[in-house]
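Data block for input.txt (compact mmCIF, C-alpha atoms and all ligand atoms):
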# COMPACT_ATOMS: atom_id res chain seq x y z
CA MET U 17 -21.56 -21.45 -14.77
CA ASN U 18 -21.98 -18.76 -12.14
CA ASN U 19 -23.67 -15.48 -12.81
CA LYS U 20 -21.91 -13.77 -9.96
CA ILE U 21 -18.31 -12.73 -10.60
CA LEU U 22 -16.03 -13.13 -7.61
CA ASP U 23 -13.34 -10.53 -8.14
CA PHE U 24 -10.15 -11.27 -6.19
CA ARG U 25 -7.79 -9.41 -8.54
CA SER U 26 -7.20 -6.51 -6.15
CA ASP U 27 -8.73 -4.54 -3.27
CA THR U 28 -8.88 -1.62 -5.71
CA VAL U 29 -11.93 -3.03 -7.53
CA THR U 30 -14.46 -1.98 -4.86
CA LYS U 31 -17.27 0.44 -5.75
CA PRO U 32 -18.39 3.19 -3.35
CA THR U 33 -21.21 2.08 -1.04
CA ALA U 34 -24.52 3.97 -0.84
CA GLY U 35 -23.39 5.57 2.44
CA MET U 36 -20.12 6.67 0.89
CA LEU U 37 -21.83 8.13 -2.18
CA ASP U 38 -24.19 10.01 0.11
CA ALA U 39 -21.26 11.47 2.08
CA MET U 40 -19.62 12.50 -1.21
CA MET U 41 -22.76 14.26 -2.44
CA GLN U 42 -22.97 16.28 0.74
CA ALA U 43 -19.33 17.39 0.84
CA LYS U 44 -18.55 21.08 1.21
CA VAL U 45 -16.03 21.92 -1.48
CA GLY U 46 -13.87 24.79 -2.74
CA ASP U 47 -10.81 25.28 -4.92
CA ASP U 48 -8.11 23.20 -3.24
CA VAL U 49 -5.29 24.77 -5.31
CA PHE U 50 -6.30 28.00 -3.53
CA GLY U 51 -6.40 26.02 -0.26
CA GLU U 52 -10.17 26.56 -0.03
CA ASP U 53 -11.59 23.04 0.06
CA GLU U 54 -12.61 22.39 3.65
CA THR U 55 -13.33 18.69 3.11
CA VAL U 56 -9.84 18.07 1.69
CA HIS U 57 -8.45 19.97 4.66
CA GLU U 58 -10.53 17.87 7.05
CA LEU U 59 -9.23 14.62 5.52
CA GLU U 60 -5.60 15.79 5.65
CA THR U 61 -5.97 16.91 9.27
CA LYS U 62 -7.81 13.77 10.31
CA LEU U 63 -5.12 11.44 8.94
CA SER U 64 -2.15 13.48 10.14
CA GLY U 65 -3.77 13.52 13.59
CA LEU U 66 -4.30 9.75 13.54
CA PHE U 67 -0.61 9.19 12.77
CA ASN U 68 0.65 11.94 15.06
CA MET U 69 2.24 13.88 12.21
CA GLU U 70 2.07 17.60 11.51
CA ALA U 71 0.43 17.76 8.10
CA GLY U 72 -1.08 15.87 5.17
CA LEU U 73 -1.51 16.25 1.41
CA PHE U 74 -4.35 14.65 -0.59
CA CYS U 75 -3.16 13.24 -3.93
CA PRO U 76 -4.82 11.39 -6.83
CA SER U 77 -2.86 8.13 -6.38
CA GLY U 78 -0.48 6.17 -4.17
CA THR U 79 2.10 6.26 -6.92
CA MET U 80 1.99 10.05 -6.80
CA THR U 81 2.29 10.26 -2.98
CA ASN U 82 5.32 7.92 -3.07
CA GLN U 83 7.00 9.71 -5.95
CA ILE U 84 6.41 13.13 -4.36
CA ALA U 85 7.93 11.86 -1.11
CA ILE U 86 11.00 10.46 -2.92
CA LYS U 87 11.40 13.77 -4.76
CA CYS U 88 11.13 15.63 -1.43
CA PHE U 89 13.74 13.50 0.31
CA THR U 90 16.41 13.13 -2.41
CA GLN U 91 18.63 15.17 -4.70
CA PRO U 92 19.68 14.04 -8.20
CA MET U 93 22.52 11.46 -7.98
CA ASP U 94 21.37 10.27 -4.54
CA GLU U 95 20.53 6.63 -3.85
CA VAL U 96 17.28 5.20 -2.48
CA ILE U 97 17.41 1.96 -0.46
CA CYS U 98 14.42 -0.41 -0.64
CA ASP U 99 13.52 -4.07 -0.92
CA GLN U 100 13.72 -5.64 -4.38
CA THR U 101 9.96 -6.30 -4.30
CA ALA U 102 9.08 -2.69 -3.40
CA HIS U 103 6.16 -1.09 -5.21
CA VAL U 104 8.17 2.15 -5.54
CA TYR U 105 10.74 0.22 -7.58
CA ARG U 106 8.72 -2.42 -9.44
CA TYR U 107 5.37 -0.83 -10.14
CA GLU U 108 5.98 2.88 -10.49
CA ILE U 109 7.42 2.73 -14.01
CA GLY U 110 10.95 3.67 -13.02
CA GLY U 111 9.57 6.90 -11.55
CA ILE U 112 12.51 7.20 -9.16
CA ALA U 113 14.84 7.64 -12.14
CA PHE U 114 12.38 9.76 -14.11
CA HIS U 115 11.27 12.23 -11.42
CA SER U 116 14.17 12.21 -8.97
CA ALA U 117 17.21 11.21 -11.07
CA ALA U 118 18.25 8.94 -8.19
CA SER U 119 19.63 5.41 -8.26
CA VAL U 120 18.18 2.50 -6.29
CA ARG U 121 19.90 -0.02 -4.01
CA LEU U 122 17.82 -3.19 -3.82
CA LEU U 123 17.88 -5.40 -0.70
CA HIS U 124 16.49 -8.89 -0.19
CA GLY U 125 14.29 -8.91 2.87
CA GLU U 126 12.32 -11.91 4.13
CA ARG U 127 8.97 -11.51 2.32
CA GLY U 128 9.96 -7.91 1.63
CA ILE U 129 10.59 -7.00 5.27
CA LEU U 130 13.84 -5.07 5.84
CA THR U 131 15.85 -4.87 9.05
CA SER U 132 18.46 -2.39 10.28
CA GLU U 133 21.04 -5.21 9.95
CA LEU U 134 20.22 -5.61 6.24
CA ILE U 135 20.26 -1.85 5.61
CA GLU U 136 23.37 -0.75 7.49
CA PRO U 137 26.06 -2.32 5.24
CA GLU U 138 24.27 -0.94 2.14
CA ILE U 139 24.57 2.71 3.18
CA ASN U 140 27.38 4.23 1.14
CA GLU U 141 30.34 5.88 2.81
CA ASP U 142 31.30 9.33 1.67
CA ASN U 143 33.43 8.53 -1.37
CA ILE U 144 33.91 10.30 -4.72
CA HIS U 145 32.68 7.18 -6.57
CA TYR U 146 29.48 6.54 -4.65
CA PRO U 147 26.01 7.99 -4.85
CA ASN U 148 24.85 9.60 -1.61
CA SER U 149 22.50 7.24 0.29
CA SER U 150 19.77 9.62 1.36
CA LEU U 151 16.51 7.67 1.73
CA VAL U 152 15.17 4.32 2.92
CA VAL U 153 11.69 3.28 1.77
CA LEU U 154 9.74 0.59 3.64
CA GLU U 155 6.43 -0.94 2.54
CA ASN U 156 3.78 -2.06 5.06
CA THR U 157 2.04 -4.34 4.33
CA VAL U 158 4.35 -5.77 1.64
CA ASN U 159 2.26 -6.53 -1.43
CA LYS U 160 4.73 -9.00 -3.01
CA GLY U 161 5.40 -10.48 0.43
CA GLY U 162 1.79 -11.73 0.49
CA GLY U 163 0.62 -8.91 2.76
CA SER U 164 3.42 -9.34 5.32
CA CYS U 165 3.71 -6.84 8.20
CA TYR U 166 6.52 -5.05 10.04
CA LYS U 167 7.01 -5.27 13.78
CA LEU U 168 7.09 -1.80 15.30
CA SER U 169 10.36 -2.67 17.08
CA ASP U 170 12.00 -3.36 13.68
CA ILE U 171 10.74 -0.02 12.40
CA ALA U 172 12.13 1.70 15.50
CA ALA U 173 15.55 0.13 14.89
CA ILE U 174 15.55 1.23 11.22
CA HIS U 175 14.53 4.72 12.28
CA HIS U 176 17.38 4.80 14.78
CA LEU U 177 19.89 3.75 12.10
CA CYS U 178 18.60 6.33 9.59
CA ASN U 179 18.81 9.01 12.24
CA ILE U 180 22.44 8.26 13.07
CA LYS U 181 23.43 8.03 9.40
CA GLY U 182 21.48 11.07 8.27
CA LEU U 183 19.03 9.26 5.96
CA LYS U 184 15.33 10.02 5.61
CA LEU U 185 12.78 7.25 6.11
CA HIS U 186 9.59 6.96 4.05
CA LEU U 187 6.77 4.44 4.50
CA ASP U 188 4.76 3.23 1.54
CA GLY U 189 1.74 2.54 3.72
CA ALA U 190 -0.69 1.84 0.89
CA ARG U 191 -2.19 -0.87 3.15
CA ILE U 192 -1.07 0.48 6.53
CA PHE U 193 -4.53 -0.01 8.05
CA ASN U 194 -4.35 -3.70 7.18
CA ALA U 195 -0.99 -3.86 8.98
CA LEU U 196 -2.37 -2.03 12.04
CA THR U 197 -5.38 -4.36 12.12
CA ALA U 198 -3.16 -7.45 11.98
CA THR U 199 -0.52 -6.35 14.49
CA GLY U 200 -2.70 -4.37 16.89
CA ASP U 201 -0.20 -1.49 16.71
CA LYS U 202 -1.59 2.03 17.04
CA SER U 203 -1.43 4.54 14.18
CA HIS U 204 -0.45 7.18 16.74
CA ASP U 205 2.85 5.38 17.38
CA TYR U 206 3.90 5.45 13.72
CA GLY U 207 4.48 9.11 12.94
CA GLN U 208 7.56 9.49 15.17
CA TYR U 209 9.52 7.00 13.06
CA PHE U 210 8.94 8.37 9.57
CA ASP U 211 9.70 11.52 7.58
CA GLY U 212 6.90 10.60 5.19
CA ILE U 213 3.99 8.13 5.15
CA SER U 214 1.77 7.52 2.15
CA ILE U 215 -1.64 5.94 2.70
CA CYS U 216 -4.09 4.68 0.05
CA LEU U 217 -7.79 5.29 0.52
CA SER U 218 -8.68 3.31 -2.61
CA LYS U 219 -7.31 -0.07 -1.51
CA GLY U 220 -8.93 -1.98 1.36
CA LEU U 221 -10.64 1.16 2.64
CA GLY U 222 -12.90 1.22 -0.41
CA ALA U 223 -12.76 4.87 -1.53
CA PRO U 224 -12.87 5.39 -5.31
CA VAL U 225 -9.80 7.65 -5.58
CA GLY U 226 -6.99 9.04 -3.51
CA SER U 227 -3.97 8.75 -1.27
CA VAL U 228 -2.61 11.02 1.44
CA LEU U 229 1.03 11.88 2.11
CA LEU U 230 1.85 12.69 5.74
CA GLY U 231 4.90 14.54 7.01
CA SER U 232 6.19 17.61 8.83
CA LYS U 233 4.78 21.04 7.92
CA ASP U 234 7.97 21.81 5.97
CA THR U 235 7.84 18.51 4.09
CA ILE U 236 4.20 18.97 3.14
CA HIS U 237 4.82 22.58 2.06
CA LYS U 238 7.50 21.31 -0.32
CA ALA U 239 5.35 18.31 -1.33
CA ARG U 240 2.46 20.62 -2.26
CA LYS U 241 4.69 22.39 -4.78
CA ILE U 242 5.96 19.09 -6.18
CA ARG U 243 2.37 17.83 -6.49
CA LYS U 244 1.57 20.95 -8.56
CA ALA U 245 4.63 20.32 -10.74
CA PHE U 246 3.50 16.70 -11.24
CA GLY U 247 0.11 18.02 -12.39
CA GLY U 248 -1.68 16.76 -9.28
CA GLY U 249 -3.15 20.01 -7.97
CA MET U 250 -6.91 19.41 -7.81
CA ARG U 251 -9.82 21.84 -7.57
CA GLN U 252 -13.10 20.73 -5.89
CA ALA U 253 -11.49 17.52 -4.68
CA GLY U 254 -13.59 17.55 -1.50
CA PHE U 255 -16.10 15.22 -3.18
CA LEU U 256 -13.33 12.61 -3.28
CA ALA U 257 -11.89 13.51 0.12
CA ALA U 258 -15.36 12.96 1.61
CA ALA U 259 -15.19 9.35 0.43
CA GLY U 260 -11.86 9.02 2.23
CA ILE U 261 -13.25 10.45 5.47
CA TYR U 262 -16.22 8.09 5.24
CA ALA U 263 -13.85 5.16 4.65
CA LEU U 264 -11.76 6.03 7.71
CA ASP U 265 -14.91 6.27 9.84
CA ASN U 266 -16.64 3.14 8.52
CA HIS U 267 -14.25 0.75 6.78
CA VAL U 268 -11.26 0.37 9.09
CA GLU U 269 -12.92 -1.73 11.80
CA ARG U 270 -14.15 -4.25 9.22
CA LEU U 271 -10.70 -5.01 7.74
CA LYS U 272 -10.43 -7.92 10.18
CA GLU U 273 -13.23 -9.63 8.22
CA ASP U 274 -11.13 -9.42 5.05
CA HIS U 275 -8.21 -10.93 6.95
CA GLN U 276 -10.35 -13.81 8.21
CA HIS U 277 -11.62 -14.37 4.66
CA ALA U 278 -8.04 -14.53 3.41
CA LYS U 279 -7.19 -17.15 6.05
CA ASP U 280 -10.28 -19.18 5.09
CA LEU U 281 -9.28 -19.09 1.42
CA ALA U 282 -5.72 -20.17 2.32
CA ALA U 283 -7.07 -23.16 4.24
CA ALA U 284 -9.19 -24.15 1.23
CA LEU U 285 -6.25 -23.77 -1.14
CA LEU U 286 -4.16 -26.11 1.02
CA GLN U 287 -6.77 -28.83 0.37
CA ALA U 288 -6.59 -28.40 -3.40
CA SER U 289 -4.46 -30.89 -5.34
CA TYR U 290 -3.11 -28.27 -7.78
CA VAL U 291 -1.71 -26.07 -4.96
CA LYS U 292 1.91 -26.70 -3.95
CA SER U 293 2.16 -24.15 -1.14
CA VAL U 294 0.50 -21.05 0.29
CA MET U 295 2.44 -18.09 1.71
CA PRO U 296 1.62 -17.38 5.36
CA VAL U 297 -1.47 -15.13 5.47
CA GLU U 298 -1.25 -12.10 7.74
CA THR U 299 -3.67 -9.64 6.14
CA ASN U 300 -5.92 -9.55 3.04
CA ILE U 301 -3.53 -11.01 0.47
CA VAL U 302 -3.13 -14.70 -0.35
CA ILE U 303 -0.29 -15.79 -2.66
CA PHE U 304 -0.15 -19.46 -3.55
CA GLU U 305 2.18 -21.61 -5.60
CA VAL U 306 1.21 -24.07 -8.32
CA ALA U 307 3.32 -26.32 -10.56
CA ALA U 308 5.89 -24.37 -12.61
CA GLY U 309 4.37 -22.81 -15.70
CA THR U 310 0.74 -23.61 -14.81
CA ALA U 311 -0.31 -20.35 -13.12
CA ASN U 312 -1.89 -18.86 -16.25
CA LYS U 313 -3.84 -22.05 -16.94
CA ILE U 314 -5.23 -22.20 -13.41
CA VAL U 315 -6.21 -18.53 -13.50
CA SER U 316 -8.19 -19.29 -16.72
CA GLN U 317 -9.86 -22.33 -15.14
CA LEU U 318 -10.85 -20.27 -12.08
CA LYS U 319 -12.18 -17.56 -14.39
CA GLU U 320 -14.45 -20.07 -16.15
CA LYS U 321 -15.97 -20.82 -12.74
CA GLY U 322 -16.40 -17.14 -11.91
CA ILE U 323 -13.29 -16.35 -9.86
CA LEU U 324 -11.12 -13.52 -11.14
CA CYS U 325 -7.50 -13.37 -9.93
CA ASN U 326 -4.03 -12.65 -11.30
CA THR U 327 -0.72 -14.46 -11.54
CA THR U 328 2.29 -12.92 -9.80
CA SER U 329 4.76 -15.19 -11.66
CA ALA U 330 4.63 -18.31 -13.87
CA SER U 331 4.02 -20.40 -10.75
CA THR U 332 2.25 -18.05 -8.30
CA ILE U 333 -1.26 -16.61 -8.09
CA ARG U 334 -2.60 -13.81 -5.87
CA LEU U 335 -6.05 -13.45 -4.31
CA VAL U 336 -7.00 -10.23 -2.50
CA THR U 337 -10.03 -9.93 -0.21
CA HIS U 338 -11.98 -6.68 0.17
CA LEU U 339 -15.30 -5.16 1.22
CA ASP U 340 -17.16 -6.08 -1.97
CA LEU U 341 -16.62 -9.80 -1.20
CA SER U 342 -19.25 -10.86 1.34
CA PRO U 343 -19.05 -13.95 3.57
CA ASP U 344 -21.42 -15.75 1.15
CA MET U 345 -19.18 -14.93 -1.78
CA ILE U 346 -16.15 -16.26 0.11
CA ASP U 347 -18.05 -19.52 0.81
CA GLU U 348 -18.85 -19.76 -2.89
CA ALA U 349 -15.21 -19.14 -3.81
CA ILE U 350 -14.02 -21.82 -1.39
CA LYS U 351 -16.36 -24.38 -3.03
CA ILE U 352 -14.99 -23.49 -6.45
CA ILE U 353 -11.37 -23.66 -5.27
CA VAL U 354 -11.78 -27.05 -3.58
CA ASN U 355 -13.72 -28.60 -6.51
CA LEU U 356 -11.67 -27.23 -9.35
CA ARG U 357 -9.99 -30.58 -9.98
C1 LIG Q 1 -1.43 0.15 -4.82
C2 LIG Q 1 -0.13 0.45 -4.19
C3 LIG Q 1 0.45 1.72 -4.31
C4 LIG Q 1 -0.16 2.87 -5.06
O1 LIG Q 1 -0.80 2.56 -6.20
P1 LIG Q 1 -1.79 3.51 -7.02
O2 LIG Q 1 -2.45 2.53 -7.90
O3 LIG Q 1 -0.92 4.49 -7.71
O4 LIG Q 1 -2.73 4.19 -6.07
C5 LIG Q 1 1.65 1.93 -3.66
N1 LIG Q 1 2.24 0.96 -2.94
C6 LIG Q 1 1.69 -0.26 -2.78
C7 LIG Q 1 2.36 -1.26 -1.92
C8 LIG Q 1 0.49 -0.55 -3.41
O5 LIG Q 1 -0.04 -1.78 -3.26
I'd like the structure from this file rewritten - as structure tokens, please.
Amino acid sequence: MNNKILDFRSDTVTKPTAGMLDAMMQAKVGDDVFGEDETVHELETKLSGLFNMEAGLFCPSGTMTNQIAIKCFTQPMDEVICDQTAHVYRYEIGGIAFHSAASVRLLHGERGILTSELIEPEINEDNIHYPNSSLVVLENTVNKGGGSCYKLSDIAAIHHLCNIKGLKLHLDGARIFNALTATGDKSHDYGQYFDGISICLSKGLGAPVGSVLLGSKDTIHKARKIRKAFGGGMRQAGFLAAAGIYALDNHVERLKEDHQHAKDLAAALLQASYVKSVMPVETNIVIFEVAAGTANKIVSQLKEKGILCNTTSASTIRLVTHLDLSPDMIDEAIKIIVNLR
């Protein structure tokens, strides 16, 4: 038995570091519903500047930033185009139907990655029977794709298509900094392609709470009202925004360590007899396949040895690396994985 729990369930399980807590304690705050919290304003400005967009909006969760963006960019009876694995479709409780009264057109990308060729035939013509295709949502990295990343040239082509056809383009960039780390693309080059980008501070970046929606000044003005209607207007939120600023300053550079750890785990899994295959590892997510119907059993066996992780189907298991898993802990996990049977 191990005393130390190795928690690979998600990169959301991290606790604020001492430095982050210190930054939070020192934040200058005010009532953000009155627009008077300077730390929230600093976070919004910092991120919109990084992505070369006009404005930002701090929200309690990534689900809220995505749902606000979809509400901003659609009318009831419109249709949203996304991959069938998309978080906005699978893990936001049917929020597209609930908040925006829009339908969804699901595509089948390779590991969740869409292309302009896949999207173009799925855009509805103007016809009395069809919903109006008004929005494409991309995810980068793709969670269900095992942390797969877009090429910027593919994004540019999708942007071009949306522009010609009059559709808006939103990026669910919950793990966009993982994608930037893996591809070497620059955040500054992203803004031009998207009408909205949502970014999680509480995933690999290690903040306790919060996501930011980026867009034009007009979009964010509208989004601010929708956030209020969703009940997401916050008061002295600067304490939380300070954690986000600290994360951007201190936890982006180190994401490459998480990516290396994920690759090391994948190599160990390939040596294990109970593992049938491992999805290619690009960022901090490792999804591996075991014999049909055995995923739950293997998760329980790993748990007995001190590794926490989740199944993603009856035959697949996901491990996520993050800043609360040190190199020593990864070494320990690799020993457990290799020796499990
Ligand atoms: C985590 C996540 C979100 C947002 O989730 P919250 O838990 O609401 O912050 C959105 N998209 C993707 C791809 C995610 O992984």
Mind checking which residues fall within 6 Å of Arg251 in chain U, counting only C-alpha atoms, ignoring those fewer than 5 positions away in the same chain, and posting them as a list of chain:residue names? U:Asp47, U:Asp48, U:Val49
Considering only C-alpha atoms and all ligand atoms, give me a table of residues in chain U that are at most 8 Å from ligand LIG 1 (chain Q), with the closest atom pair and distance in Å for each, as a tab-separated table.
residue	atom	partner	partner_atom	distance
U:Thr28	CA	Q:LIG1	C1	7.7
U:Pro76	CA	Q:LIG1	O4	7.5
U:Ser77	CA	Q:LIG1	O4	4.0
U:Gly78	CA	Q:LIG1	C4	3.4
U:Thr79	CA	Q:LIG1	O3	3.6
U:Met80	CA	Q:LIG1	O3	6.3
U:Asn82	CA	Q:LIG1	C5	7.0
U:Ala102	CA	Q:LIG1	C7	7.0
U:His103	CA	Q:LIG1	N1	5.0
U:Val104	CA	Q:LIG1	N1	6.6
U:Tyr107	CA	Q:LIG1	C5	8.0
U:Glu108	CA	Q:LIG1	O3	7.6
U:Glu155	CA	Q:LIG1	C7	6.0
U:Asn156	CA	Q:LIG1	C7	7.2
U:Thr157	CA	Q:LIG1	C7	7.0
U:Val158	CA	Q:LIG1	C7	6.1
U:Asn159	CA	Q:LIG1	C7	5.3
U:Asp188	CA	Q:LIG1	N1	5.6
U:Gly189	CA	Q:LIG1	C7	6.8
U:Ala190	CA	Q:LIG1	C6	4.9
U:Arg191	CA	Q:LIG1	O5	6.8
U:Cys216	CA	Q:LIG1	O4	6.3
U:Ser218	CA	Q:LIG1	O4	6.9
U:Lys219	CA	Q:LIG1	C1	6.8
U:Val225	CA	Q:LIG1	O4	7.9
U:Gly226	CA	Q:LIG1	O4	6.9
U:Ser227	CA	Q:LIG1	O4	6.7
Please provide as a compact mmCIF listing (two decimals) with C-alpha atoms, keeping the file's coordinate frame all residues within 9 Å of Glu58 in chain U, with the sequence filter that same-chain residues fewer than 3 positions apart are discarded (counting all atoms listed in the file).
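For reference, out-v7.txt as written:
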# COMPACT_ATOMS: atom_id res chain seq x y z
CA ASP U 53 -11.59 23.04 0.06
CA GLU U 54 -12.61 22.39 3.65
CA THR U 55 -13.33 18.69 3.11
CA THR U 61 -5.97 16.91 9.27
CA LYS U 62 -7.81 13.77 10.31
CA LEU U 63 -5.12 11.44 8.94
CA ALA U 257 -11.89 13.51 0.12
CA ALA U 258 -15.36 12.96 1.61
CA ILE U 261 -13.25 10.45 5.47
Check the smallest atom-to-atom distance from each of U:Arg127, U:Lys181, U:Lys238, U:Arg106 to Lys87 in chain U using only C-alpha atoms, then report the winner. U:Lys238
So for range 124-136 of chain U, what box centre and size do we get, axis-aligned, 3 Å extra on each of the six sides, every listed atom, Å to one decimal, as lines of an AutoDock Vina configuration file?
center_x = 16.2
center_y = -6.3
center_z = 5.0
size_x = 20.4
size_y = 17.2
size_z = 16.5
What lies within 12 Å of Ala288 in chain U using all atoms listed in the file, ignoring chain neighbours under 6 positions off, as number ranges by chain? U: 281-282, 294, 304-306, 314, 350-357
So, counting only C-alpha atoms, which residue among U:Ile21, U:Leu177, U:Ile215, U:Ala245 is closest to His115 in chain U?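 When distances to His115 in chain U are compared using only C-alpha atoms, the smallest one comes from U:Ala245.
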Shell around range 128-141 of chain U at 12 Å using all atoms listed in the file, local window under 5 positions removed, as a PyMOL selection string: chain U and resi 94-103+120-123+146-183+185+187
Rank U:His204, U:Ser64, U:Asp142, U:Phe89 by their smallest atom-to-atom distance to Ser116 in chain U, using all atoms listed in the file, and report the top residue only.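 Among the listed residues, U:Phe89 lies closest to Ser116 in chain U.
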Among listed residues U:Phe24, U:Phe67, U:Phe193, U:Phe114, nearest Asp205 in chain U (using only C-alpha atoms): U:Phe67
Excluding Ala34 in chain U and residues on its chain fewer than 2 positions from it, collect all residues at most 12 Å away from it, counting only C-alpha atoms, and give them as an mmCIF file with C-alpha atoms, keeping the file's coordinate frame.
data_model
loop_
_atom_site.group_PDB
_atom_site.id
_atom_site.type_symbol
_atom_site.label_atom_id
_atom_site.label_comp_id
_atom_site.auth_asym_id
_atom_site.auth_seq_id
_atom_site.Cartn_x
_atom_site.Cartn_y
_atom_site.Cartn_z
ATOM 1 C CA LYS U 31 -17.270 0.440 -5.750
ATOM 2 C CA PRO U 32 -18.390 3.190 -3.350
ATOM 3 C CA MET U 36 -20.120 6.670 0.890
ATOM 4 C CA LEU U 37 -21.830 8.130 -2.180
ATOM 5 C CA ASP U 38 -24.190 10.010 0.110
ATOM 6 C CA ALA U 39 -21.260 11.470 2.080
ATOM 7 C CA MET U 40 -19.620 12.500 -1.210
ATOM 8 C CA MET U 41 -22.760 14.260 -2.440
ATOM 9 C CA GLY U 222 -12.900 1.220 -0.410
ATOM 10 C CA ALA U 223 -12.760 4.870 -1.530
ATOM 11 C CA ALA U 259 -15.190 9.350 0.430
ATOM 12 C CA TYR U 262 -16.220 8.090 5.240
#
For CA of Thr299 in chain U and CA of His277 in chain U, quote the distance in Å rounded to one decimal.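 So the two atoms, CA of Thr299 in chain U and CA of His277 in chain U, lie 9.4 Å apart.
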Of the candidates U:Gly125, U:Gln83, U:Thr310, U:Leu264, which shows the shortest atom-to-atom distance to Leu221 in chain U, using only C-alpha atoms? U:Leu264
Tell me which of U:Ile144, U:Ala85, U:Met69, U:Ala349 sits closest to Tyr209 in chain U, counting all atoms listed in the file.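 Nearest to Tyr209 in chain U: U:Met69.
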Can you tell me how far CA of Ala284 in chain U sits from CA of Leu271 in chain U, in Å to one decimal?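 CA of Leu271 in chain U lies 20.3 Å from CA of Ala284 in chain U.
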Figure out the distance between CA of Gly322 in chain U and CA of Val302 in chain U, please, to one decimal in Å.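 The value is 17.8 Å.
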